[in-house]
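To be precise, the following lines are my_file12.txt, and they hold compact mmCIF, C-alpha atoms.
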```txt
# COMPACT_ATOMS: atom_id res chain seq x y z
CA MET O 1 0.00 0.00 0.00
CA ILE O 2 2.53 2.57 1.16
CA ASP O 3 6.17 2.95 0.23
CA ARG O 4 7.99 0.94 2.90
CA LYS O 5 11.00 3.24 3.13
CA ALA O 6 8.72 6.25 3.61
CA LEU O 7 6.78 4.41 6.29
CA TRP O 8 9.98 3.66 8.24
CA ILE O 9 11.05 7.30 7.97
CA PHE O 10 7.62 8.34 9.29
CA ILE O 11 7.80 5.87 12.21
CA ALA O 12 11.35 6.99 13.12
CA ILE O 13 10.38 10.69 12.97
CA ILE O 14 7.17 10.32 14.98
CA LEU O 15 9.00 8.30 17.65
CA ALA O 16 11.77 10.90 17.81
CA MET O 17 9.23 13.73 18.06
CA THR O 18 7.25 12.00 20.82
CA GLY O 19 10.45 11.06 22.65
CA ALA O 20 11.75 14.64 22.48
CA THR O 21 8.40 15.95 23.75
CA ILE O 22 8.34 13.57 26.72
CA TRP O 23 11.98 14.41 27.52
CA GLN O 24 11.26 18.14 27.43
CA LEU O 25 8.17 17.70 29.63
CA SER O 26 10.22 15.66 32.13
CA LEU O 27 12.59 18.64 32.51
CA LEU O 28 9.77 20.98 33.51
CA PRO O 29 8.81 21.46 37.16
CA ASP O 30 5.16 21.77 36.08
CA TRP O 31 4.11 20.47 32.63
CA ARG O 32 1.11 22.84 32.61
CA HIS O 33 3.48 25.82 32.48
CA MET O 34 6.04 25.43 29.73
CA PRO O 35 8.12 28.59 29.16
CA LEU O 36 7.90 29.66 25.51
CA GLY O 37 10.99 31.81 25.21
CA GLY O 38 13.53 29.83 27.26
CA PRO O 39 13.70 28.55 30.88
CA ALA O 40 13.63 32.07 32.38
CA SER O 41 10.65 33.23 30.31
CA HIS O 42 7.41 34.20 32.08
CA ASN O 43 5.42 33.61 28.92
CA THR O 44 4.15 30.06 29.46
CA VAL O 45 1.75 27.67 27.78
CA SER O 46 0.59 24.15 28.54
CA GLY O 47 3.26 21.54 27.78
CA LEU O 48 0.64 19.65 25.76
CA VAL O 49 1.37 22.16 22.96
CA LEU O 50 4.45 20.06 22.24
CA PHE O 51 2.20 17.21 21.13
CA ALA O 52 0.61 19.42 18.44
CA ALA O 53 3.19 18.58 15.76
CA PRO O 54 3.21 14.77 16.22
CA VAL O 55 -0.60 14.70 16.40
CA SER O 56 -0.86 16.90 13.27
CA LEU O 57 1.51 14.52 11.52
CA LEU O 58 -0.73 11.58 12.45
CA PHE O 59 -3.74 13.46 11.03
CA LEU O 60 -1.84 14.21 7.82
CA MET O 61 -1.26 10.48 7.41
CA VAL O 62 -5.02 9.92 7.32
CA SER O 63 -5.17 11.24 3.75
CA PRO O 64 -3.18 8.40 2.09
CA PHE O 65 -5.03 5.89 4.25
CA ILE O 66 -8.47 7.15 3.18
CA GLN O 67 -7.36 7.10 -0.44
CA TRP O 68 -6.11 3.54 -0.03
CA LEU O 69 -9.57 2.54 1.22
CA ALA O 70 -11.48 4.48 -1.44
CA LEU O 71 -9.44 4.02 -4.61
CA PRO O 72 -9.62 0.99 -6.89
CA LYS O 73 -6.78 -1.53 -7.03
CA GLU O 74 -5.37 -0.35 -10.36
CA THR O 75 -4.40 3.01 -8.87
CA LEU O 76 -2.39 1.45 -6.03
CA PRO O 77 1.07 1.78 -7.69
CA SER O 78 0.34 5.45 -8.29
CA LEU O 79 -0.93 5.88 -4.72
CA ARG O 80 2.20 4.17 -3.40
CA ARG O 81 4.50 6.64 -5.16
CA TRP O 82 2.44 9.69 -4.18
CA SER O 83 1.98 8.63 -0.56
CA GLY O 84 5.73 8.04 -0.25
CA LYS O 85 6.46 11.64 -1.24
CA TRP O 86 3.61 12.94 0.95
CA ILE O 87 4.71 11.00 4.06
CA VAL O 88 8.39 11.94 3.81
CA SER O 89 7.81 15.64 3.11
CA MET O 90 5.16 16.07 5.82
CA SER O 91 7.25 14.14 8.37
CA VAL O 92 10.34 16.28 7.72
CA LEU O 93 8.32 19.50 7.85
CA MET O 94 6.59 18.60 11.13
CA ALA O 95 9.91 17.47 12.64
CA LEU O 96 11.44 20.85 11.77
CA LEU O 97 8.46 22.63 13.32
CA GLN O 98 8.75 20.53 16.47
CA ALA O 99 12.51 21.15 16.64
CA PHE O 100 11.86 24.91 16.42
CA VAL O 101 9.27 24.84 19.25
CA LEU O 102 11.55 22.71 21.44
CA ALA O 103 14.61 24.85 20.76
CA ARG O 104 12.59 27.93 21.66
CA SER O 105 11.28 26.50 24.93
CA LEU O 106 14.81 25.37 25.86
CA GLY O 107 16.15 28.85 25.18
CA ILE O 108 18.47 27.70 22.35
CA VAL O 109 16.83 30.15 19.96
CA SER O 110 15.10 33.26 21.27
CA PRO O 111 13.35 34.98 18.38
CA SER O 112 11.25 38.08 18.85
CA GLY O 113 7.50 38.07 18.25
CA LEU O 114 8.09 39.60 14.83
CA ASN O 115 10.52 36.87 13.78
CA THR O 116 8.13 34.18 15.01
CA ALA O 117 5.35 35.62 12.83
CA ARG O 118 7.68 35.76 9.82
CA GLY O 119 8.89 32.22 10.53
CA GLY O 120 5.26 31.05 10.77
CA SER O 121 4.41 32.64 7.45
CA MET O 122 7.41 30.95 5.84
CA ILE O 123 6.48 27.54 7.30
CA ILE O 124 2.92 27.88 5.97
CA GLY O 125 4.39 28.89 2.61
CA ILE O 126 6.79 25.94 2.46
CA MET O 127 3.98 23.60 3.43
CA LEU O 128 1.75 24.99 0.64
CA ILE O 129 4.62 24.63 -1.86
CA ILE O 130 5.25 21.01 -0.87
CA ILE O 131 1.56 20.09 -0.93
CA GLY O 132 1.01 21.95 -4.22
CA ASN O 133 4.04 20.38 -5.86
CA ILE O 134 2.93 16.81 -5.27
CA THR O 135 -0.81 17.43 -5.75
CA PRO O 136 -0.69 16.66 -9.53
CA LYS O 137 0.87 13.29 -8.66
CA MET O 138 -2.17 12.20 -6.68
CA PRO O 139 -3.71 8.98 -8.00
CA VAL O 140 -6.55 9.56 -10.45
CA PRO O 141 -9.44 7.11 -10.19
CA PRO O 142 -10.74 5.59 -13.44
CA GLN O 143 -14.18 6.74 -14.62
CA ARG O 144 -16.81 4.21 -13.54
CA ASN O 145 -19.91 6.08 -14.75
CA SER O 146 -20.86 9.20 -16.71
CA VAL O 147 -21.53 11.22 -13.55
CA GLN O 148 -17.93 10.88 -12.41
CA PRO O 149 -15.41 13.24 -14.04
CA ASP O 150 -13.06 11.53 -16.47
CA PRO O 151 -9.40 10.99 -15.41
CA TRP O 152 -8.16 13.76 -17.73
CA THR O 153 -10.47 16.34 -16.11
CA VAL O 154 -9.38 15.23 -12.65
CA SER O 155 -5.75 15.37 -13.70
CA ARG O 156 -6.13 18.91 -15.10
CA ARG O 157 -7.90 20.00 -11.93
CA LEU O 158 -5.07 18.59 -9.82
CA ARG O 159 -2.43 20.29 -11.96
CA PHE O 160 -4.19 23.63 -11.71
CA GLY O 161 -4.73 23.22 -7.96
CA GLY O 162 -1.07 22.32 -7.52
CA LYS O 163 0.05 25.47 -9.32
CA LEU O 164 -2.31 27.60 -7.22
CA PHE O 165 -0.94 26.11 -3.99
CA VAL O 166 2.68 26.59 -5.08
CA GLY O 167 1.93 30.18 -6.12
CA LEU O 168 0.28 30.94 -2.79
CA GLY O 169 3.14 29.24 -0.96
CA LEU O 170 5.70 31.39 -2.76
CA VAL O 171 3.75 34.52 -1.82
CA PHE O 172 3.63 33.41 1.82
CA VAL O 173 7.38 32.74 1.87
CA LEU O 174 8.37 35.94 0.06
CA GLY O 175 5.74 38.02 1.90
CA GLY O 176 6.95 36.59 5.21
CA VAL O 177 10.45 37.83 4.44
CA LEU O 178 9.84 41.07 2.57
CA LEU O 179 6.42 42.53 3.45
CA PRO O 180 5.87 44.75 6.49
CA ILE O 181 3.48 42.94 8.86
CA GLU O 182 0.75 45.61 8.58
CA TYR O 183 0.33 44.67 4.88
CA TRP O 184 -0.06 40.95 5.55
CA GLU O 185 -3.78 40.90 6.17
CA PRO O 186 -4.87 42.75 3.00
CA VAL O 187 -2.23 41.12 0.76
CA PHE O 188 -2.57 37.52 1.96
CA GLY O 189 -6.34 37.85 2.38
CA SER O 190 -6.94 39.19 -1.13
CA LEU O 191 -4.55 36.63 -2.64
CA MET O 192 -6.35 33.76 -0.94
CA LEU O 193 -9.70 35.07 -2.18
CA THR O 194 -8.25 35.39 -5.69
CA ALA O 195 -6.94 31.81 -5.52
CA LEU O 196 -10.35 30.60 -4.37
CA ALA O 197 -12.06 32.48 -7.22
CA ALA O 198 -9.53 31.08 -9.72
CA GLY O 199 -10.22 27.55 -8.45
CA ILE O 200 -13.99 28.00 -8.85
CA TRP O 201 -13.53 29.57 -12.31
CA TYR O 202 -11.35 26.65 -13.46
CA SER O 203 -13.85 24.09 -12.16
CA ILE O 204 -16.67 25.81 -14.07
CA LYS O 205 -14.47 26.01 -17.19
CA LEU O 206 -13.72 22.27 -17.02
CA ARG O 207 -17.39 21.43 -16.47
CA HIS O 208 -18.35 23.60 -19.44
CA GLU O 209 -15.73 21.90 -21.63
CA ARG O 210 -17.00 18.51 -20.52
CA SER O 211 -20.60 19.41 -21.36
CA LEU O 212 -19.54 20.47 -24.87
CA GLN O 213 -17.98 17.06 -25.56
CA MET T 214 15.22 13.03 -9.14
CA ASN T 215 17.99 11.59 -11.34
CA LEU T 216 15.37 9.72 -13.32
CA VAL T 217 13.46 12.96 -13.90
CA PHE T 218 16.58 14.78 -15.16
CA LYS T 219 17.43 11.84 -17.40
CA ALA T 220 13.89 11.81 -18.78
CA LEU T 221 13.83 15.56 -19.41
CA SER T 222 17.27 15.69 -21.01
CA ASP T 223 16.03 14.20 -24.28
CA PRO T 224 14.19 16.45 -26.79
CA THR T 225 11.98 13.59 -28.04
CA ARG T 226 10.78 12.80 -24.55
CA ARG T 227 10.13 16.50 -23.94
CA GLN T 228 8.13 16.58 -27.17
CA ILE T 229 6.08 13.61 -25.92
CA LEU T 230 5.37 15.46 -22.67
CA HIS T 231 4.46 18.57 -24.64
CA LEU T 232 1.92 16.59 -26.67
CA LEU T 233 0.49 14.98 -23.55
CA ARG T 234 -0.07 18.40 -22.03
CA ILE T 235 -2.76 18.97 -24.63
CA LYS T 236 -4.66 15.72 -24.07
CA PRO T 237 -4.10 12.05 -23.20
CA MET T 238 -2.95 10.05 -26.22
CA THR T 239 -2.49 6.45 -27.17
CA ALA T 240 0.95 5.14 -28.13
CA GLY T 241 -0.26 5.06 -31.75
CA ASP T 242 -1.42 8.69 -31.69
CA LEU T 243 1.92 9.76 -30.29
CA ALA T 244 3.85 7.70 -32.84
CA GLU T 245 2.23 9.70 -35.66
CA HIS T 246 4.13 12.79 -34.49
CA PHE T 247 7.55 11.15 -34.72
CA SER T 248 9.53 9.44 -37.44
CA LEU T 249 10.95 6.91 -35.02
CA ALA T 250 10.76 3.14 -34.78
CA LYS T 251 8.10 1.79 -32.42
CA ALA T 252 10.75 0.12 -30.27
CA THR T 253 12.61 3.43 -29.85
CA LEU T 254 9.39 5.20 -28.84
CA SER T 255 8.51 2.41 -26.42
CA GLY T 256 11.92 2.96 -24.83
CA HIS T 257 11.11 6.65 -24.39
CA PHE T 258 7.72 5.80 -22.86
CA ALA T 259 9.41 3.39 -20.46
CA ILE T 260 11.88 6.06 -19.30
CA LEU T 261 9.06 8.60 -18.81
CA ARG T 262 7.00 6.07 -16.91
CA GLU T 263 9.97 5.10 -14.74
CA ALA T 264 10.45 8.78 -13.86
CA ASP T 265 6.73 8.94 -12.97
CA LEU T 266 6.14 11.73 -15.50
CA ILE T 267 3.44 9.86 -17.42
CA GLU T 268 0.91 7.21 -16.56
CA GLY T 269 -0.21 4.51 -18.94
CA ASN T 270 -3.71 3.04 -18.73
CA LYS T 271 -4.18 -0.19 -20.63
CA SER T 272 -7.63 -1.00 -21.99
CA GLY T 273 -7.53 -4.08 -24.17
CA THR T 274 -4.47 -3.80 -26.38
CA VAL T 275 -4.37 0.00 -26.36
CA ILE T 276 -2.28 1.97 -23.86
CA THR T 277 -3.39 5.55 -23.27
CA TYR T 278 -0.74 7.81 -21.79
CA MET T 279 -1.57 10.74 -19.55
CA LEU T 280 0.70 13.48 -18.24
CA LYS T 281 1.52 13.30 -14.55
CA VAL T 282 4.09 15.96 -13.72
CA SER T 283 4.52 17.82 -10.45
CA VAL T 284 4.73 21.63 -10.48
CA LEU T 285 8.52 21.50 -10.09
CA GLU T 286 8.85 18.96 -12.91
CA GLU T 287 6.71 21.18 -15.14
CA ALA T 288 9.01 24.11 -14.36
CA LEU T 289 12.05 21.94 -15.12
CA LEU T 290 10.44 20.87 -18.39
CA ALA T 291 9.88 24.50 -19.38
CA PHE T 292 13.48 25.34 -18.42
CA ALA T 293 14.93 22.41 -20.41
CA GLU T 294 12.77 23.45 -23.35
CA THR T 295 13.94 27.07 -23.18
CA VAL T 296 17.62 26.23 -22.83
CA GLY T 297 17.35 23.45 -25.41
CA ILE T 298 19.06 20.74 -23.33
CA GLY T 299 19.99 17.72 -25.43
CA LEU T 300 19.47 19.47 -28.77
CA PRO T 301 22.22 19.02 -31.37
CA LYS T 302 24.35 22.17 -31.86
CA PRO T 303 22.93 23.22 -35.28
CA MET T 304 19.41 23.14 -33.80
CA LEU T 305 20.53 25.20 -30.81
CA LEU T 306 21.98 27.78 -33.21
CA LYS T 307 18.75 27.79 -35.20
CA LYS T 308 16.78 28.27 -31.98
CA ALA T 309 19.02 31.16 -30.90
CA THR T 310 18.84 32.93 -34.27
CA GLY T 311 15.11 32.35 -34.43
CA LYS T 312 14.72 34.12 -31.10
CA ALA T 313 16.97 36.98 -32.23
CA LYS T 314 14.69 37.56 -35.22
```
Render the structure in this file as structure tokens.
Amino acid sequence: MIDRKALWIFIAIILAMTGATIWQLSLLPDWRHMPLGGPASHNTVSGLVLFAAPVSLLFLMVSPFIQWLALPKETLPSLRRWSGKWIVSMSVLMALLQAFVLARSLGIVSPSGLNTARGGSMIIGIMLIIIGNITPKMPVPPQRNSVQPDPWTVSRRLRFGGKLFVGLGLVFVLGGVLLPIEYWEPVFGSLMLTALAAGIWYSIKLRHERSLQ
Amino acid sequence: MNLVFKALSDPTRRQILHLLRIKPMTAGDLAEHFSLAKATLSGHFAILREADLIEGNKSGTVITYMLKVSVLEEALLAFAETVGIGLPKPMLLKKATGKAK
């Protein structure tokens, strides 16, 4: 079902993330008050926050699993290749996120609020780029009846969606670095609305083309 | 990634990908666009399939190929096409002079 090498990487990363979280919690006098900006910081949150990344990673793994249940057997080789890329990229990304949160709570890195916001924007951007890049590789189910879209339409939709995601990701990364924070809301907000409108327009266009055939 | 670079380095394979961008095609439809032996074309299809750039669906005796490139691979394809990777030198010259005109 799933690329075995990718699965082992996922298991190793999730174990390392959980282990690091438990180790960090064991260092705290009270796990309900984890200092965010280093041991001396008064800004605290619940230590359970550290489980956010491993739990998110587990949720992200649901997608290949659902597809494995829903898709027909002939798409399994394609699903295997796509899920391998998905699992490895998401695992690495979540591990980096977890490492950043841990390093911050241990006081190894002490970024300001501004840098954290910029870092967050860049992480979202990188995530969108990764997801968008591999979206066109998602397995395409064969057409079983006339109601279902044909594989070519699905493939075109995925390619367009992938490009939209990568474009948005690039804006998030570049905007995170270059744009003053006060411009973020209007710029990112309007771009996301534009992307949504473009997605709807492309869906209508494909449906119209299909009805003409 | 090596497989992708290998697949994109050949102008014939890039031409196949270019044709598949328009619509899915059978091996026979694609063969009409090239003056190459069937075995040579099959070799190109195999390399593209190995690199996961195309997907072949077999129905009966006919294989229909469909494009399956990631966004990065599509960008690499456009780059290789622009630079003319793998083209013989006279064709590169022709391409450069054509652009100058």
(request) Give me, as a list in words, the contact residues of chain T against chain O at a cut-off of 10 Å, counting all atoms listed in the file. (result) Arg234, Lys236, Pro237, Asp265, Leu266, Ile267, Glu268, Asn270, Met279, Leu280, Lys281, Val282, Ser283, Val284, Leu285, Glu286 and Glu287 of chain T
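With atom CA of Ala6 of chain O on one side and atom CA of Ser91 of chain O on the other, the separation reads 9.3 Å.
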(request) Within 12 Å of segment 118-120 of chain O, counting only C-alpha atoms, which residues show up once you throw out same-chain ones fewer than 6 positions away? Write them as a PyMOL selection string, please. (result) chain O and resi 96-97+100-101+111-112+126-127+172-181+184
(request) Please provide as an MDAnalysis selection string all residues within 8 Å of Gly269 of chain T, with the sequence filter that same-chain residues fewer than 4 positions apart are discarded (counting only C-alpha atoms). (result) chainID T and resid 262 276:279
(request) Please provide as a ChimeraX atom specification all residues within 6 Å of segment 42-58 of chain O, with the sequence filter that same-chain residues fewer than 6 positions apart are discarded (counting all atoms listed in the file). (result) /O:21,31-36,94,98
